[in-house]
Amino acid sequence: MRCVQRQVGYIFAGSEPSLMEKMIGPRRPFYKAGPVMRLHKISPTLFGDFIEQRFVKTGMKPDAGVAEAIVELAGNLPYDVQRLAHETWDDVRAKGARKATLEDLHGTLTRLLSEQETIFEALWQRLTLQQRATLRAVVLQGGREIHSADARSRHRLGGPSTIQKSLAALTKQDVLLKEGPRYVVVDSLLREWVARRTF
């Protein structure tokens with residue numbers, strides 16, 4: 001059976017580079033099926049304003065800075081921003097409050113981290129010691145200057161080639177993503193989990 005769909009358009013969107021590559025890369029099902037567009041991140045100010053408006057529209061007033069904190073904590077990744085905003089809104093509503101505070105946001109974040117603990121711990125255990133050290137350094141350094149002598153010494157990372165190998169492995173596993181001169185953790189909850197973990 002042959003199906004002709006000349007009048008139908010498709011959009012494949014996602015923030016995990018290797019998953020998208022598996023769909024559109026060479027020798028993949030949708031290779032050259034259409035143009036590939038890399039979208040820039042939404043302006044944090046616009047995203048924060050949108051969140052605040054949505055809270056207000058439902059009769060809930062967020063304290064000053066709550067919407068901006070949601071965007072920042074979620075790494076300005078649309079899925080993570082929407083999830084953290086919704087979960088915070090839901091938690092505030094569940095307790096019958098009409099105001100969302102920074103304390104509410106951090107309470108929601110703590111709950112989400114607790115819910116993901118098993119998944120993050122399993123991922124952590126799959127990483128080599130060098131990859132763990134590199135991931136921790138990326139989180140604590142804000143993704144910048146990972147190869148500097150100071151960062152290598154502070155985080156006990158070894159030589160530049162060892163670091164580069166770990167960065168490449170973490171990127172291939174979709175744990176990290178390179179954005180210009182810096183590396184970012186793809187999952188903002190994982191980033192927060194690593195940042196709060198004591199070693």
# chains A, B, ... in the order shown; residues from 1 in each chain; ligands from 1
$ select_by_dssp --residues "range 55-137 of chain A" --states "helix (DSSP H, G or I)" --output "PyMOL selection string"
chain A and resi 55-57+66-73+78-94+102-126+129-137
$ residues_around --residues "range 73-77 of chain A" --least-positions-apart "5" --cutoff "9 Å" --atoms "only C-alpha atoms" --output "PDB file with N, CA, C and O atoms, in the first residue's frame"
ATOM      1  N   SER A  15      15.179  18.767  22.164  1.00  0.00           N
ATOM      2  CA  SER A  15      16.372  19.418  22.724  1.00  0.00           C
ATOM      3  C   SER A  15      17.504  18.435  22.983  1.00  0.00           C
ATOM      4  O   SER A  15      18.549  18.830  23.481  1.00  0.00           O
ATOM      5  N   LYS A  41      17.357  30.068  22.048  1.00  0.00           N
ATOM      6  CA  LYS A  41      16.562  30.011  23.275  1.00  0.00           C
ATOM      7  C   LYS A  41      15.630  31.215  23.355  1.00  0.00           C
ATOM      8  O   LYS A  41      15.935  32.299  22.852  1.00  0.00           O
ATOM      9  N   ILE A  42      14.509  31.007  24.006  1.00  0.00           N
ATOM     10  CA  ILE A  42      13.572  32.099  24.257  1.00  0.00           C
ATOM     11  C   ILE A  42      14.238  33.074  25.214  1.00  0.00           C
ATOM     12  O   ILE A  42      14.930  32.676  26.150  1.00  0.00           O
ATOM     13  N   SER A  43      14.007  34.345  25.005  1.00  0.00           N
ATOM     14  CA  SER A  43      14.562  35.361  25.905  1.00  0.00           C
ATOM     15  C   SER A  43      14.087  35.078  27.333  1.00  0.00           C
ATOM     16  O   SER A  43      12.882  34.911  27.565  1.00  0.00           O
ATOM     17  N   PRO A  44      15.026  34.991  28.303  1.00  0.00           N
ATOM     18  CA  PRO A  44      14.613  34.737  29.695  1.00  0.00           C
ATOM     19  C   PRO A  44      13.601  35.757  30.212  1.00  0.00           C
ATOM     20  O   PRO A  44      12.690  35.408  30.966  1.00  0.00           O
ATOM     21  N   PHE A  47      10.241  34.880  28.659  1.00  0.00           N
ATOM     22  CA  PHE A  47       9.745  33.639  29.264  1.00  0.00           C
ATOM     23  C   PHE A  47       9.232  33.916  30.676  1.00  0.00           C
ATOM     24  O   PHE A  47       8.171  33.438  31.077  1.00  0.00           O
ATOM     25  N   GLU A  68      11.360  34.614  37.127  1.00  0.00           N
ATOM     26  CA  GLU A  68      12.746  34.645  36.644  1.00  0.00           C
ATOM     27  C   GLU A  68      13.559  33.494  37.240  1.00  0.00           C
ATOM     28  O   GLU A  68      14.389  32.897  36.563  1.00  0.00           O
ATOM     29  N   GLN A  82       8.532  24.855  31.709  1.00  0.00           N
ATOM     30  CA  GLN A  82       7.094  24.599  31.833  1.00  0.00           C
ATOM     31  C   GLN A  82       6.799  23.623  32.964  1.00  0.00           C
ATOM     32  O   GLN A  82       5.831  23.796  33.704  1.00  0.00           O
ATOM     33  N   ARG A  83       7.625  22.611  33.092  1.00  0.00           N
ATOM     34  CA  ARG A  83       7.393  21.624  34.148  1.00  0.00           C
ATOM     35  C   ARG A  83       7.550  22.252  35.530  1.00  0.00           C
ATOM     36  O   ARG A  83       6.697  22.071  36.404  1.00  0.00           O
ATOM     37  N   LEU A  84       8.635  22.990  35.727  1.00  0.00           N
ATOM     38  CA  LEU A  84       8.873  23.589  37.043  1.00  0.00           C
ATOM     39  C   LEU A  84       7.805  24.627  37.370  1.00  0.00           C
ATOM     40  O   LEU A  84       7.334  24.706  38.512  1.00  0.00           O
ATOM     41  N   LEU A 109      11.051  22.293  43.853  1.00  0.00           N
ATOM     42  CA  LEU A 109      12.309  21.793  43.285  1.00  0.00           C
ATOM     43  C   LEU A 109      12.863  20.646  44.128  1.00  0.00           C
ATOM     44  O   LEU A 109      13.282  19.619  43.593  1.00  0.00           O
ATOM     45  N   VAL A 184      26.638  22.854  28.992  1.00  0.00           N
ATOM     46  CA  VAL A 184      25.492  22.913  29.899  1.00  0.00           C
ATOM     47  C   VAL A 184      24.963  21.500  30.109  1.00  0.00           C
ATOM     48  O   VAL A 184      25.084  20.643  29.233  1.00  0.00           O
ATOM     49  N   VAL A 185      24.384  21.262  31.275  1.00  0.00           N
ATOM     50  CA  VAL A 185      23.759  19.983  31.567  1.00  0.00           C
ATOM     51  C   VAL A 185      22.384  20.002  30.912  1.00  0.00           C
ATOM     52  O   VAL A 185      21.606  20.934  31.118  1.00  0.00           O
ATOM     53  N   VAL A 186      22.094  18.992  30.094  1.00  0.00           N
ATOM     54  CA  VAL A 186      20.850  18.957  29.326  1.00  0.00           C
ATOM     55  C   VAL A 186      19.628  18.959  30.245  1.00  0.00           C
ATOM     56  O   VAL A 186      18.653  19.651  29.980  1.00  0.00           O
ATOM     57  N   ASP A 187      19.674  18.212  31.331  1.00  0.00           N
ATOM     58  CA  ASP A 187      18.553  18.123  32.268  1.00  0.00           C
ATOM     59  C   ASP A 187      18.834  19.050  33.454  1.00  0.00           C
ATOM     60  O   ASP A 187      19.752  18.806  34.235  1.00  0.00           O
ATOM     61  N   SER A 188      18.035  20.094  33.589  1.00  0.00           N
ATOM     62  CA  SER A 188      18.280  21.072  34.651  1.00  0.00           C
ATOM     63  C   SER A 188      18.110  20.456  36.040  1.00  0.00           C
ATOM     64  O   SER A 188      18.783  20.872  36.992  1.00  0.00           O
ATOM     65  N   LEU A 189      17.236  19.461  36.182  1.00  0.00           N
ATOM     66  CA  LEU A 189      17.090  18.807  37.484  1.00  0.00           C
ATOM     67  C   LEU A 189      18.346  18.020  37.828  1.00  0.00           C
ATOM     68  O   LEU A 189      18.789  18.009  38.982  1.00  0.00           O
ATOM     69  N   GLU A 192      20.922  20.415  39.121  1.00  0.00           N
ATOM     70  CA  GLU A 192      20.683  20.784  40.516  1.00  0.00           C
ATOM     71  C   GLU A 192      21.009  19.630  41.453  1.00  0.00           C
ATOM     72  O   GLU A 192      21.522  19.838  42.545  1.00  0.00           O
TER      73      GLU A 192
END
$ closest_residue --among "A:Gln130, A:Phe50, A:Phe120, A:Gly65" --to "Val81 in chain A" --atoms "only C-alpha atoms"
A:Phe50
$ atom_distance --atom1 "CA of Arg136 in chain A" --atom2 "CA of His40 in chain A"
26.0 Å
$ residues_around --residues "Ile119 in chain A" --least-positions-apart "5" --cutoff "12 Å" --atoms "only C-alpha atoms" --output "PyMOL selection string"
chain A and resi 112-114+124-126+187+189-190+193
$ closest_atom_pairs --of "range 39-153 of chain A" --to "range 164-180 of chain A" --cutoff "10 Å" --atoms "only C-alpha atoms" --output "JSON lines"
{"residue": "A:Leu123", "atom": "CA", "partner": "A:Val175", "partner_atom": "CA", "distance": 9.4}
{"residue": "A:Leu127", "atom": "CA", "partner": "A:Leu170", "partner_atom": "CA", "distance": 8.6}
{"residue": "A:Thr128", "atom": "CA", "partner": "A:Ser166", "partner_atom": "CA", "distance": 8.7}
{"residue": "A:Leu129", "atom": "CA", "partner": "A:Ser166", "partner_atom": "CA", "distance": 9.7}
{"residue": "A:Gln130", "atom": "CA", "partner": "A:Ser166", "partner_atom": "CA", "distance": 6.7}
{"residue": "A:Gln131", "atom": "CA", "partner": "A:Ser166", "partner_atom": "CA", "distance": 5.1}
{"residue": "A:Arg132", "atom": "CA", "partner": "A:Ser166", "partner_atom": "CA", "distance": 8.7}
{"residue": "A:Ala133", "atom": "CA", "partner": "A:Ser166", "partner_atom": "CA", "distance": 9.0}
{"residue": "A:Thr134", "atom": "CA", "partner": "A:Ser166", "partner_atom": "CA", "distance": 6.6}
{"residue": "A:Leu135", "atom": "CA", "partner": "A:Leu170", "partner_atom": "CA", "distance": 7.8}
{"residue": "A:Val138", "atom": "CA", "partner": "A:Leu176", "partner_atom": "CA", "distance": 8.9}
{"residue": "A:Gly143", "atom": "CA", "partner": "A:Lys178", "partner_atom": "CA", "distance": 8.8}
{"residue": "A:Ile146", "atom": "CA", "partner": "A:Gln164", "partner_atom": "CA", "distance": 9.3}
{"residue": "A:His147", "atom": "CA", "partner": "A:Gln164", "partner_atom": "CA", "distance": 8.3}
$ closest_residue --among "A:Ala64, A:Leu140, A:Ile51, A:Met23" --to "Thr88 in chain A" --atoms "only C-alpha atoms"
A:Ile51
$ residues_around --residues "Val92 in chain A" --least-positions-apart "2" --cutoff "12 Å" --atoms "only C-alpha atoms" --output "PyMOL selection string"
chain A and resi 55+58-62+85-90+94-108
$ decode --residues "range 108-142 of chain A" --atoms "N, CA and C atoms" --output "CSV table (one decimal), in the first residue's frame"
chain,number,residue,atom,x,y,z
A,108,THR,N,9.1,22.9,45.8
A,108,THR,CA,8.8,22.1,44.6
A,108,THR,C,10.0,21.5,44.0
A,109,LEU,N,11.1,22.3,43.9
A,109,LEU,CA,12.3,21.8,43.3
A,109,LEU,C,12.9,20.6,44.1
A,110,THR,N,12.8,20.8,45.4
A,110,THR,CA,13.3,19.7,46.3
A,110,THR,C,12.5,18.5,46.2
A,111,ARG,N,11.2,18.6,46.0
A,111,ARG,CA,10.3,17.4,45.8
A,111,ARG,C,10.7,16.7,44.5
A,112,LEU,N,10.8,17.5,43.4
A,112,LEU,CA,11.1,16.9,42.1
A,112,LEU,C,12.5,16.2,42.1
A,113,LEU,N,13.5,16.8,42.8
A,113,LEU,CA,14.8,16.2,42.9
A,113,LEU,C,14.7,14.8,43.7
A,114,SER,N,13.8,14.8,44.7
A,114,SER,CA,13.6,13.6,45.5
A,114,SER,C,13.0,12.5,44.6
A,115,GLU,N,12.0,12.9,43.8
A,115,GLU,CA,11.3,12.0,42.9
A,115,GLU,C,12.3,11.4,41.8
A,116,GLN,N,13.3,12.2,41.4
A,116,GLN,CA,14.2,11.7,40.4
A,116,GLN,C,15.5,11.1,40.9
A,117,GLU,N,15.6,11.0,42.3
A,117,GLU,CA,16.8,10.5,42.9
A,117,GLU,C,17.2,9.2,42.4
A,118,THR,N,16.4,8.2,42.2
A,118,THR,CA,16.7,6.9,41.8
A,118,THR,C,17.3,6.9,40.3
A,119,ILE,N,16.6,7.7,39.5
A,119,ILE,CA,17.1,7.8,38.1
A,119,ILE,C,18.5,8.5,38.0
A,120,PHE,N,18.6,9.6,38.8
A,120,PHE,CA,19.9,10.3,38.7
A,120,PHE,C,21.0,9.4,39.3
A,121,GLU,N,20.7,8.7,40.4
A,121,GLU,CA,21.7,7.9,41.0
A,121,GLU,C,22.2,6.7,40.1
A,122,ALA,N,21.2,6.2,39.3
A,122,ALA,CA,21.5,5.1,38.3
A,122,ALA,C,22.4,5.7,37.2
A,123,LEU,N,22.1,6.9,36.8
A,123,LEU,CA,23.0,7.5,35.7
A,123,LEU,C,24.4,7.8,36.3
A,124,TRP,N,24.4,8.3,37.5
A,124,TRP,CA,25.7,8.6,38.1
A,124,TRP,C,26.6,7.3,38.2
A,125,GLN,N,25.9,6.2,38.6
A,125,GLN,CA,26.7,5.0,38.8
A,125,GLN,C,27.2,4.4,37.5
A,126,ARG,N,26.6,4.8,36.4
A,126,ARG,CA,27.0,4.3,35.0
A,126,ARG,C,28.2,5.1,34.5
A,127,LEU,N,28.5,6.3,35.1
A,127,LEU,CA,29.6,7.1,34.7
A,127,LEU,C,30.9,6.6,35.3
A,128,THR,N,32.0,6.9,34.5
A,128,THR,CA,33.3,6.6,35.1
A,128,THR,C,33.6,7.6,36.1
A,129,LEU,N,34.6,7.4,37.0
A,129,LEU,CA,35.0,8.4,38.0
A,129,LEU,C,35.4,9.7,37.3
A,130,GLN,N,36.1,9.6,36.2
A,130,GLN,CA,36.6,10.8,35.4
A,130,GLN,C,35.4,11.5,34.9
A,131,GLN,N,34.4,10.8,34.4
A,131,GLN,CA,33.2,11.5,33.9
A,131,GLN,C,32.4,12.2,35.0
A,132,ARG,N,32.4,11.5,36.1
A,132,ARG,CA,31.7,12.1,37.3
A,132,ARG,C,32.4,13.4,37.7
A,133,ALA,N,33.7,13.4,37.8
A,133,ALA,CA,34.5,14.6,38.1
A,133,ALA,C,34.3,15.7,37.1
A,134,THR,N,34.2,15.3,35.9
A,134,THR,CA,34.0,16.3,34.8
A,134,THR,C,32.7,16.9,34.9
A,135,LEU,N,31.6,16.1,35.0
A,135,LEU,CA,30.3,16.6,35.2
A,135,LEU,C,30.1,17.5,36.4
A,136,ARG,N,30.7,17.1,37.5
A,136,ARG,CA,30.7,18.0,38.7
A,136,ARG,C,31.3,19.3,38.4
A,137,ALA,N,32.5,19.3,37.7
A,137,ALA,CA,33.2,20.5,37.4
A,137,ALA,C,32.4,21.4,36.5
A,138,VAL,N,31.7,20.8,35.5
A,138,VAL,CA,30.9,21.6,34.6
A,138,VAL,C,29.8,22.3,35.4
A,139,VAL,N,29.1,21.6,36.3
A,139,VAL,CA,28.1,22.2,37.1
A,139,VAL,C,28.6,23.3,38.0
A,140,LEU,N,29.7,23.0,38.7
A,140,LEU,CA,30.3,24.0,39.7
A,140,LEU,C,31.0,25.2,39.0
A,141,GLN,N,31.4,25.0,37.7
A,141,GLN,CA,32.1,26.1,37.0
A,141,GLN,C,31.1,26.8,36.1
A,142,GLY,N,29.9,26.4,36.1
A,142,GLY,CA,28.9,27.0,35.2
A,142,GLY,C,29.2,26.7,33.7
